[in-house]
Amino acid sequence: MPKFSPRSSGSNQQHGVADEISGVLTFVGTIWVIFFADWALPLSEWFALIPRDFNRLPGVVAMTFLHGSFGHLLANTVPLIILLTLLAGSRVNSWQTVVMIVLTGGVLLWLFGRNGTQLHVVSHIGASLLVFGLITFFLAAAWFEMRVTSIVIALLVGVLYGWSLLFGVLPTQPGVSWDGHLCGAIAGIIVAFVQSRLAPTVPQINLEQV
């Protein structure tokens, strides 16, 4: 797994996309392997997240790796690779960020998401929660940090996925977990805010003439 730490005034671990691309592909590849394993085992039935069902708490994490169809999987694969690659090239701890978004978004969805009725249970699966969380993470990080690099990445993400973000959190498409998208988006903002608050300030060097 790729590892790098938030900005620090004491030590700055250098990293790049080349160092972490194998982790990105492994992560996405695992999702694909689990999708095909789901053909033999009813993993989506066992581990889907059902809000406020204590037996489905594992779904907080497991739902990210489960998909209902090949189209669903493919729709999440491309943005995952792009967004995780951008994250790998940033200066935050990429996999810490992913874990925080998945857990925060998953818990929010478990607490506040739709669970339907006794006759029609609503379960949630898919990596879209993480995708939407990463989108808002980049946008929020640019706002909180006001760094040129963060702003450039945010502009790129906004151009690529701005419309998807806007319409994805609205209950307009039947069978789509819009509340999962919304919880992921909220989680991305929360994680960006927390990381910006916890990261130590890098001291500025003032040059004085003598």
# chains A, B, ... in the order shown; residues from 1 in each chain; ligands from 1
>>> residues_around(residues="Ala48 (chain A)", least_positions_apart="4", cutoff="8 Å", atoms="only C-alpha atoms", output="compact mmCIF listing (two decimals) with C-alpha atoms, in the first residue's frame")
# COMPACT_ATOMS: atom_id res chain seq x y z
CA LEU A 43 -21.41 -11.23 -1.23
CA SER A 44 -23.62 -8.27 -2.09
CA ARG A 56 -24.84 -4.85 8.51
CA GLY A 59 -21.11 -2.91 5.12
CA ALA A 62 -17.52 -3.69 2.50
CA MET A 63 -19.98 -1.72 0.35
CA LEU A 66 -19.38 -4.47 -4.04
CA SER A 123 -29.32 -1.74 0.74
CA HIS A 124 -26.32 0.25 -0.47
CA ILE A 125 -23.31 -0.99 -2.45
>>> closest_atom_pairs(of="region 21-118 of chain A", to="region 190-195 of chain A", cutoff="8 Å", atoms="only C-alpha atoms", output="Markdown table")
| residue | atom | partner | partner_atom | distance |
| --- | --- | --- | --- | --- |
| A:Thr97 | CA | A:Val191 | CA | 7.1 |
| A:Met100 | CA | A:Val191 | CA | 6.7 |
| A:Ile101 | CA | A:Val191 | CA | 6.5 |
>>> write_last_selection(atoms="C-alpha atoms", output="PDB file, in the first residue's frame")
ATOM      1  CA  THR A  97      -7.439   9.780   3.431  1.00  0.00           C
ATOM      2  CA  MET A 100     -11.163   8.233   6.582  1.00  0.00           C
ATOM      3  CA  ILE A 101     -13.549   8.986   3.712  1.00  0.00           C
TER       4      ILE A 101
END
>>> select_by_dssp(residues="region 67-200 of chain A", states="alpha helix (DSSP H)", output="MDAnalysis selection string")
chainID A and resid 70:88 94:112 128:145 148:168 178:198
>>> atom_distance(atom1="CA of Cys183 (chain A)", atom2="CA of Leu109 (chain A)")
5.8 Å
>>> residues_around(residues="Leu103 (chain A)", least_positions_apart="5", cutoff="9 Å", atoms="only C-alpha atoms", output="list in words")
Val60, Val61, Val98, Leu108 and Ala187 of chain A
>>> write_last_selection(atoms="N, CA and C atoms", output="compact mmCIF listing (two decimals), in the first residue's frame")
# COMPACT_ATOMS: atom_id res chain seq x y z
N VAL A 60 -20.28 -0.88 6.18
CA VAL A 60 -19.68 0.45 6.18
C VAL A 60 -18.41 0.46 5.33
N VAL A 61 -17.64 -0.62 5.44
CA VAL A 61 -16.41 -0.76 4.66
C VAL A 61 -16.65 -1.60 3.41
N VAL A 98 -8.21 7.85 2.15
CA VAL A 98 -9.21 6.92 1.63
C VAL A 98 -9.96 6.24 2.77
N LEU A 108 -21.95 7.78 8.25
CA LEU A 108 -23.04 8.73 7.99
C LEU A 108 -24.20 8.06 7.25
N ALA A 187 -18.48 13.49 3.69
CA ALA A 187 -17.28 12.92 4.31
C ALA A 187 -16.01 13.52 3.73
